[in-house]
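S.K.: There's a structure below that I have some questions on.
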Amino acid sequence: MKAAVIVFPGSNCDRDLAVAFEAAGADVQMVWHKDTDLPRDVDIVGVPGGFSFGDYLRCGAIAANSPICNSLKAHTDRGGYAIGICNGFQVLAETGILPGALLRNAGLKYICKTVGLKVETSDSAFTQGYNAGDVINIPIAHHDGNYYADDATIAGLQDQDRIVFTYTDNPNGARADIAGILSENRRVLGMMPHPERAADAGHGGTDGTALFRALMGALAPA
Amino acid sequence: MKARVHVMLKNGVLDPQGEAVRHALGALGFDGVNGVRQGKVIELDLADGATEADVTAMCEKLLANTVIESYSVELG
């Protein structure tokens, strides 16, 4: 599996994500936001967490208009895989690759803690290593993780089984307790929690490992 | 030419910051504040010849996220 991790000014989970991909057996290349092209034959693009462009204007808004994001959009339009975590989810929402937006947390506070996530569907390359209904423990660290979409969009996500993770105890006011969603073709995942921070025994939890291993299983050459 | 862009969360989108301001006003004794919505104002200093359509394009592309925000443009 060939993975690319995009690095924006202010990204701070890019190396963590690369390490998690590598631990699952992927070849990883880092890609600078001013690059115009993704590496050839890349299987999955990681959009990491952090504070791209200082969260100025809106979280992820300036990053979403970086040169590399044109290639990212072309990659996902072709049916390529991508995962956006935390700020990466905000970037994917700002590009329009995923629906909805991430608002300021309802309690207005930045929240950094491990939360319970319910796996709502195992029908994706990201979650086939879990069982629907599993509750896993994954850290969150965000100020703007309050998922919002209009009623029709939420209903569509529900009807198409695209809500992939929900919070067991909603920390941020997200509609329908949404922590992560899939694109229509189920190949793009955006999630606020950080599976790459629960992928090594030294992290204090390894519930995120199954996500990266499942991806490797789905995307490694047969 | 100057343009001033007002960006507000759409009606129906909960504004936690506006709510916090409303509570703070109430705590200070300002009764009768039924609602507060907080937005932002972006001032643009534009080259001569720029049109309202240019500013609208900027809003659609970057300055506002029309999933959650509405905007209005004031020229001059």
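Residue numbering restarts at 1 for every chain of the structure tokens, chains are lettered A, B, ... in their displayed order, and ligands are numbered from 1 as they appear.
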If you run DSSP on the backbone, which residues of chain B are strand (DSSP E), as a PDB file with N, CA, C and O atoms, in the first residue's frame?
M.R.:
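Listing of states_13.pdb after writing:
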```pdb
ATOM      1  N   LYS B   2     -12.914  49.971  -1.921  1.00  0.00           N
ATOM      2  CA  LYS B   2     -13.010  49.139  -0.720  1.00  0.00           C
ATOM      3  C   LYS B   2     -14.280  48.292  -0.808  1.00  0.00           C
ATOM      4  O   LYS B   2     -15.298  48.736  -1.360  1.00  0.00           O
ATOM      5  N   ALA B   3     -14.202  47.127  -0.285  1.00  0.00           N
ATOM      6  CA  ALA B   3     -15.412  46.304  -0.137  1.00  0.00           C
ATOM      7  C   ALA B   3     -15.429  45.766   1.282  1.00  0.00           C
ATOM      8  O   ALA B   3     -14.381  45.521   1.878  1.00  0.00           O
ATOM      9  N   ARG B   4     -16.610  45.626   1.788  1.00  0.00           N
ATOM     10  CA  ARG B   4     -16.768  45.096   3.141  1.00  0.00           C
ATOM     11  C   ARG B   4     -17.690  43.881   3.034  1.00  0.00           C
ATOM     12  O   ARG B   4     -18.798  43.980   2.509  1.00  0.00           O
ATOM     13  N   VAL B   5     -17.194  42.747   3.500  1.00  0.00           N
ATOM     14  CA  VAL B   5     -17.961  41.499   3.424  1.00  0.00           C
ATOM     15  C   VAL B   5     -18.413  41.126   4.839  1.00  0.00           C
ATOM     16  O   VAL B   5     -17.589  41.080   5.760  1.00  0.00           O
ATOM     17  N   HIS B   6     -19.701  40.918   5.002  1.00  0.00           N
ATOM     18  CA  HIS B   6     -20.241  40.462   6.283  1.00  0.00           C
ATOM     19  C   HIS B   6     -20.539  38.976   6.165  1.00  0.00           C
ATOM     20  O   HIS B   6     -21.247  38.571   5.250  1.00  0.00           O
ATOM     21  N   VAL B   7     -19.993  38.194   7.070  1.00  0.00           N
ATOM     22  CA  VAL B   7     -20.230  36.749   7.058  1.00  0.00           C
ATOM     23  C   VAL B   7     -20.931  36.377   8.367  1.00  0.00           C
ATOM     24  O   VAL B   7     -20.465  36.724   9.450  1.00  0.00           O
ATOM     25  N   MET B   8     -22.056  35.709   8.245  1.00  0.00           N
ATOM     26  CA  MET B   8     -22.838  35.291   9.427  1.00  0.00           C
ATOM     27  C   MET B   8     -23.187  33.813   9.305  1.00  0.00           C
ATOM     28  O   MET B   8     -23.384  33.313   8.205  1.00  0.00           O
ATOM     29  N   LEU B   9     -23.274  33.134  10.444  1.00  0.00           N
ATOM     30  CA  LEU B   9     -23.818  31.774  10.410  1.00  0.00           C
ATOM     31  C   LEU B   9     -25.265  31.867   9.936  1.00  0.00           C
ATOM     32  O   LEU B   9     -25.992  32.796  10.299  1.00  0.00           O
ATOM     33  N   LYS B  40     -18.531  37.834  11.245  1.00  0.00           N
ATOM     34  CA  LYS B  40     -17.268  38.546  11.043  1.00  0.00           C
ATOM     35  C   LYS B  40     -17.388  39.517   9.879  1.00  0.00           C
ATOM     36  O   LYS B  40     -18.226  39.340   8.990  1.00  0.00           O
ATOM     37  N   VAL B  41     -16.555  40.537   9.925  1.00  0.00           N
ATOM     38  CA  VAL B  41     -16.492  41.533   8.858  1.00  0.00           C
ATOM     39  C   VAL B  41     -15.105  41.456   8.247  1.00  0.00           C
ATOM     40  O   VAL B  41     -14.112  41.441   8.971  1.00  0.00           O
ATOM     41  N   ILE B  42     -15.062  41.358   6.929  1.00  0.00           N
ATOM     42  CA  ILE B  42     -13.783  41.278   6.224  1.00  0.00           C
ATOM     43  C   ILE B  42     -13.701  42.485   5.289  1.00  0.00           C
ATOM     44  O   ILE B  42     -14.578  42.675   4.435  1.00  0.00           O
ATOM     45  N   GLU B  43     -12.697  43.325   5.480  1.00  0.00           N
ATOM     46  CA  GLU B  43     -12.535  44.502   4.623  1.00  0.00           C
ATOM     47  C   GLU B  43     -11.503  44.206   3.555  1.00  0.00           C
ATOM     48  O   GLU B  43     -10.412  43.713   3.852  1.00  0.00           O
ATOM     49  N   LEU B  44     -11.860  44.512   2.328  1.00  0.00           N
ATOM     50  CA  LEU B  44     -10.959  44.266   1.190  1.00  0.00           C
ATOM     51  C   LEU B  44     -10.578  45.601   0.564  1.00  0.00           C
ATOM     52  O   LEU B  44     -11.449  46.452   0.329  1.00  0.00           O
ATOM     53  N   ASP B  45      -9.312  45.762   0.309  1.00  0.00           N
ATOM     54  CA  ASP B  45      -8.827  46.936  -0.418  1.00  0.00           C
ATOM     55  C   ASP B  45      -8.523  46.459  -1.836  1.00  0.00           C
ATOM     56  O   ASP B  45      -7.566  45.706  -2.036  1.00  0.00           O
ATOM     57  N   GLU B  69     -22.671  29.291   6.353  1.00  0.00           N
ATOM     58  CA  GLU B  69     -22.618  30.748   6.472  1.00  0.00           C
ATOM     59  C   GLU B  69     -23.308  31.441   5.307  1.00  0.00           C
ATOM     60  O   GLU B  69     -23.306  30.944   4.181  1.00  0.00           O
ATOM     61  N   SER B  70     -23.867  32.609   5.601  1.00  0.00           N
ATOM     62  CA  SER B  70     -24.352  33.486   4.532  1.00  0.00           C
ATOM     63  C   SER B  70     -23.468  34.732   4.534  1.00  0.00           C
ATOM     64  O   SER B  70     -22.776  35.007   5.520  1.00  0.00           O
ATOM     65  N   TYR B  71     -23.472  35.446   3.438  1.00  0.00           N
ATOM     66  CA  TYR B  71     -22.617  36.631   3.355  1.00  0.00           C
ATOM     67  C   TYR B  71     -23.343  37.750   2.632  1.00  0.00           C
ATOM     68  O   TYR B  71     -24.296  37.511   1.880  1.00  0.00           O
ATOM     69  N   SER B  72     -22.904  38.970   2.889  1.00  0.00           N
ATOM     70  CA  SER B  72     -23.384  40.098   2.096  1.00  0.00           C
ATOM     71  C   SER B  72     -22.197  41.003   1.804  1.00  0.00           C
ATOM     72  O   SER B  72     -21.211  41.021   2.550  1.00  0.00           O
ATOM     73  N   VAL B  73     -22.272  41.709   0.704  1.00  0.00           N
ATOM     74  CA  VAL B  73     -21.155  42.527   0.219  1.00  0.00           C
ATOM     75  C   VAL B  73     -21.596  43.985   0.176  1.00  0.00           C
ATOM     76  O   VAL B  73     -22.680  44.299  -0.308  1.00  0.00           O
ATOM     77  N   GLU B  74     -20.752  44.841   0.702  1.00  0.00           N
ATOM     78  CA  GLU B  74     -21.000  46.283   0.706  1.00  0.00           C
ATOM     79  C   GLU B  74     -19.835  46.927  -0.040  1.00  0.00           C
ATOM     80  O   GLU B  74     -18.677  46.711   0.342  1.00  0.00           O
ATOM     81  N   LEU B  75     -20.103  47.648  -1.085  1.00  0.00           N
ATOM     82  CA  LEU B  75     -19.018  48.293  -1.854  1.00  0.00           C
ATOM     83  C   LEU B  75     -18.928  49.768  -1.500  1.00  0.00           C
ATOM     84  O   LEU B  75     -19.915  50.389  -1.145  1.00  0.00           O
TER      85      LEU B  75
END
```
S.K.: Give me, as a compact mmCIF listing (two decimals) with C-alpha atoms, in the first residue's frame, the contact residues of chain B against chain A at a cut-off of 8 Å, counting only C-alpha atoms.
M.R.:
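This went into iface_21.txt:
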```
# COMPACT_ATOMS: atom_id res chain seq x y z
CA VAL B 13 -27.16 26.93 12.62
CA PRO B 16 -22.30 28.71 20.52
CA GLN B 17 -20.22 31.90 20.65
CA LEU B 62 -13.01 31.22 0.23
CA LEU B 63 -14.41 33.96 2.45
CA ASN B 65 -18.50 28.48 3.75
CA VAL B 67 -22.80 25.17 3.96
CA ILE B 68 -23.06 27.05 7.25
```
S.K.: Counting only C-alpha atoms, what is within 9 Å of Leu117 (chain A), bar same-chain residues fewer than 3 positions away, as a PyMOL selection string?
M.R.: chain A and resi 120+134-138+165-169+179+193
S.K.: With N, CA, C and O atoms retained, export the selected residues as a compact mmCIF listing (two decimals), in the first residue's frame.
M.R.:
```txt
# COMPACT_ATOMS: atom_id res chain seq x y z
N GLU A 120 -20.32 2.33 13.83
CA GLU A 120 -21.69 2.20 13.32
C GLU A 120 -21.78 1.27 12.13
O GLU A 120 -22.84 0.72 11.84
N ASP A 134 -19.22 -2.26 18.01
CA ASP A 134 -18.05 -2.19 18.89
C ASP A 134 -17.92 -0.78 19.45
O ASP A 134 -18.21 0.21 18.76
N VAL A 135 -17.45 -0.69 20.69
CA VAL A 135 -17.10 0.63 21.24
C VAL A 135 -15.59 0.65 21.44
O VAL A 135 -15.02 -0.24 22.08
N ILE A 136 -14.94 1.63 20.81
CA ILE A 136 -13.49 1.74 20.89
C ILE A 136 -13.13 3.07 21.56
O ILE A 136 -13.95 4.01 21.56
N ASN A 137 -11.94 3.11 22.12
CA ASN A 137 -11.50 4.32 22.83
C ASN A 137 -10.41 5.02 22.02
O ASN A 137 -9.35 4.45 21.77
N ILE A 138 -10.70 6.25 21.62
CA ILE A 138 -9.81 7.00 20.72
C ILE A 138 -9.75 8.45 21.25
O ILE A 138 -10.79 9.00 21.64
N PHE A 165 -18.60 6.48 12.67
CA PHE A 165 -18.36 6.50 14.11
C PHE A 165 -19.29 7.51 14.75
O PHE A 165 -19.47 8.62 14.23
N THR A 166 -19.86 7.14 15.92
CA THR A 166 -20.59 8.13 16.73
C THR A 166 -19.99 8.15 18.13
O THR A 166 -19.39 7.16 18.58
N TYR A 167 -20.12 9.30 18.80
CA TYR A 167 -19.65 9.42 20.17
C TYR A 167 -20.64 8.71 21.10
O TYR A 167 -21.86 8.86 20.95
N THR A 168 -20.10 7.96 22.08
CA THR A 168 -20.99 7.35 23.06
C THR A 168 -21.48 8.42 24.04
O THR A 168 -22.53 8.27 24.66
N ASP A 169 -20.69 9.49 24.21
CA ASP A 169 -21.08 10.60 25.10
C ASP A 169 -20.64 11.88 24.39
O ASP A 169 -19.49 12.30 24.52
N ALA A 179 -19.11 11.42 14.76
CA ALA A 179 -17.66 11.61 14.94
C ALA A 179 -16.91 11.39 13.63
O ALA A 179 -15.79 11.87 13.47
N PRO A 193 -11.90 12.24 15.84
CA PRO A 193 -10.97 11.55 16.74
C PRO A 193 -9.70 11.09 16.00
O PRO A 193 -9.69 10.98 14.77
```
S.K.: Which residues in region 49-208 of chain A does DSSP call helix (DSSP H, G or I)? List them as a ChimeraX atom specification.
M.R.: /A:52-55,63-65,67-77,87-95,151-159,175-177,195-197,201-203
S.K.: So how many Å separate CA of His142 (chain A) and CA of Asn87 (chain A), to one decimal?
M.R.: 8.3 Å
S.K.: What does the structure give for the distance between CA of Leu17 (chain A) and CA of Pro48 (chain A), in Å to one decimal?
M.R.: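 A separation of 6.7 Å between them.
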S.K.: Can you pull out every residue within 7 Å of Leu189 (chain A), counting only C-alpha atoms, but drop anything in the same chain fewer than 2 positions away, and send it as a list in words?
M.R.: Ala82, Ile83, Gly84, Gly180, Ile181, Leu182, Ser183, Arg187 and Met191 of chain A
S.K.: Excluding Gly80 (chain A) and any residue of its chain fewer than 2 positions from it, enumerate the residues within 8 Å of it, using only C-alpha atoms, and give them as a list in words.
M.R.: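 Non-adjacent residues within range: Asp43, Ile44, His75, Thr76, Asp77, Arg78, Ala82, Arg187 and Val188 of chain A.
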S.K.: Please produce a file of those selected residues containing C-alpha atoms, as a short mmCIF file (atom, residue, chain, number, x, y, z; two decimals), in the first residue's frame.
M.R.:
```cif
data_model
loop_
_atom_site.label_atom_id
_atom_site.label_comp_id
_atom_site.auth_asym_id
_atom_site.auth_seq_id
_atom_site.Cartn_x
_atom_site.Cartn_y
_atom_site.Cartn_z
CA ASP A 43 -3.39 4.19 -2.89
CA ILE A 44 -4.47 6.44 -0.05
CA HIS A 75 -7.73 11.58 -6.69
CA THR A 76 -11.01 11.18 -4.81
CA ASP A 77 -13.05 11.98 -7.95
CA ARG A 78 -11.25 9.05 -9.62
CA ALA A 82 -8.43 9.25 1.51
CA ARG A 187 -13.63 5.43 0.06
CA VAL A 188 -13.12 8.74 1.87
#
```
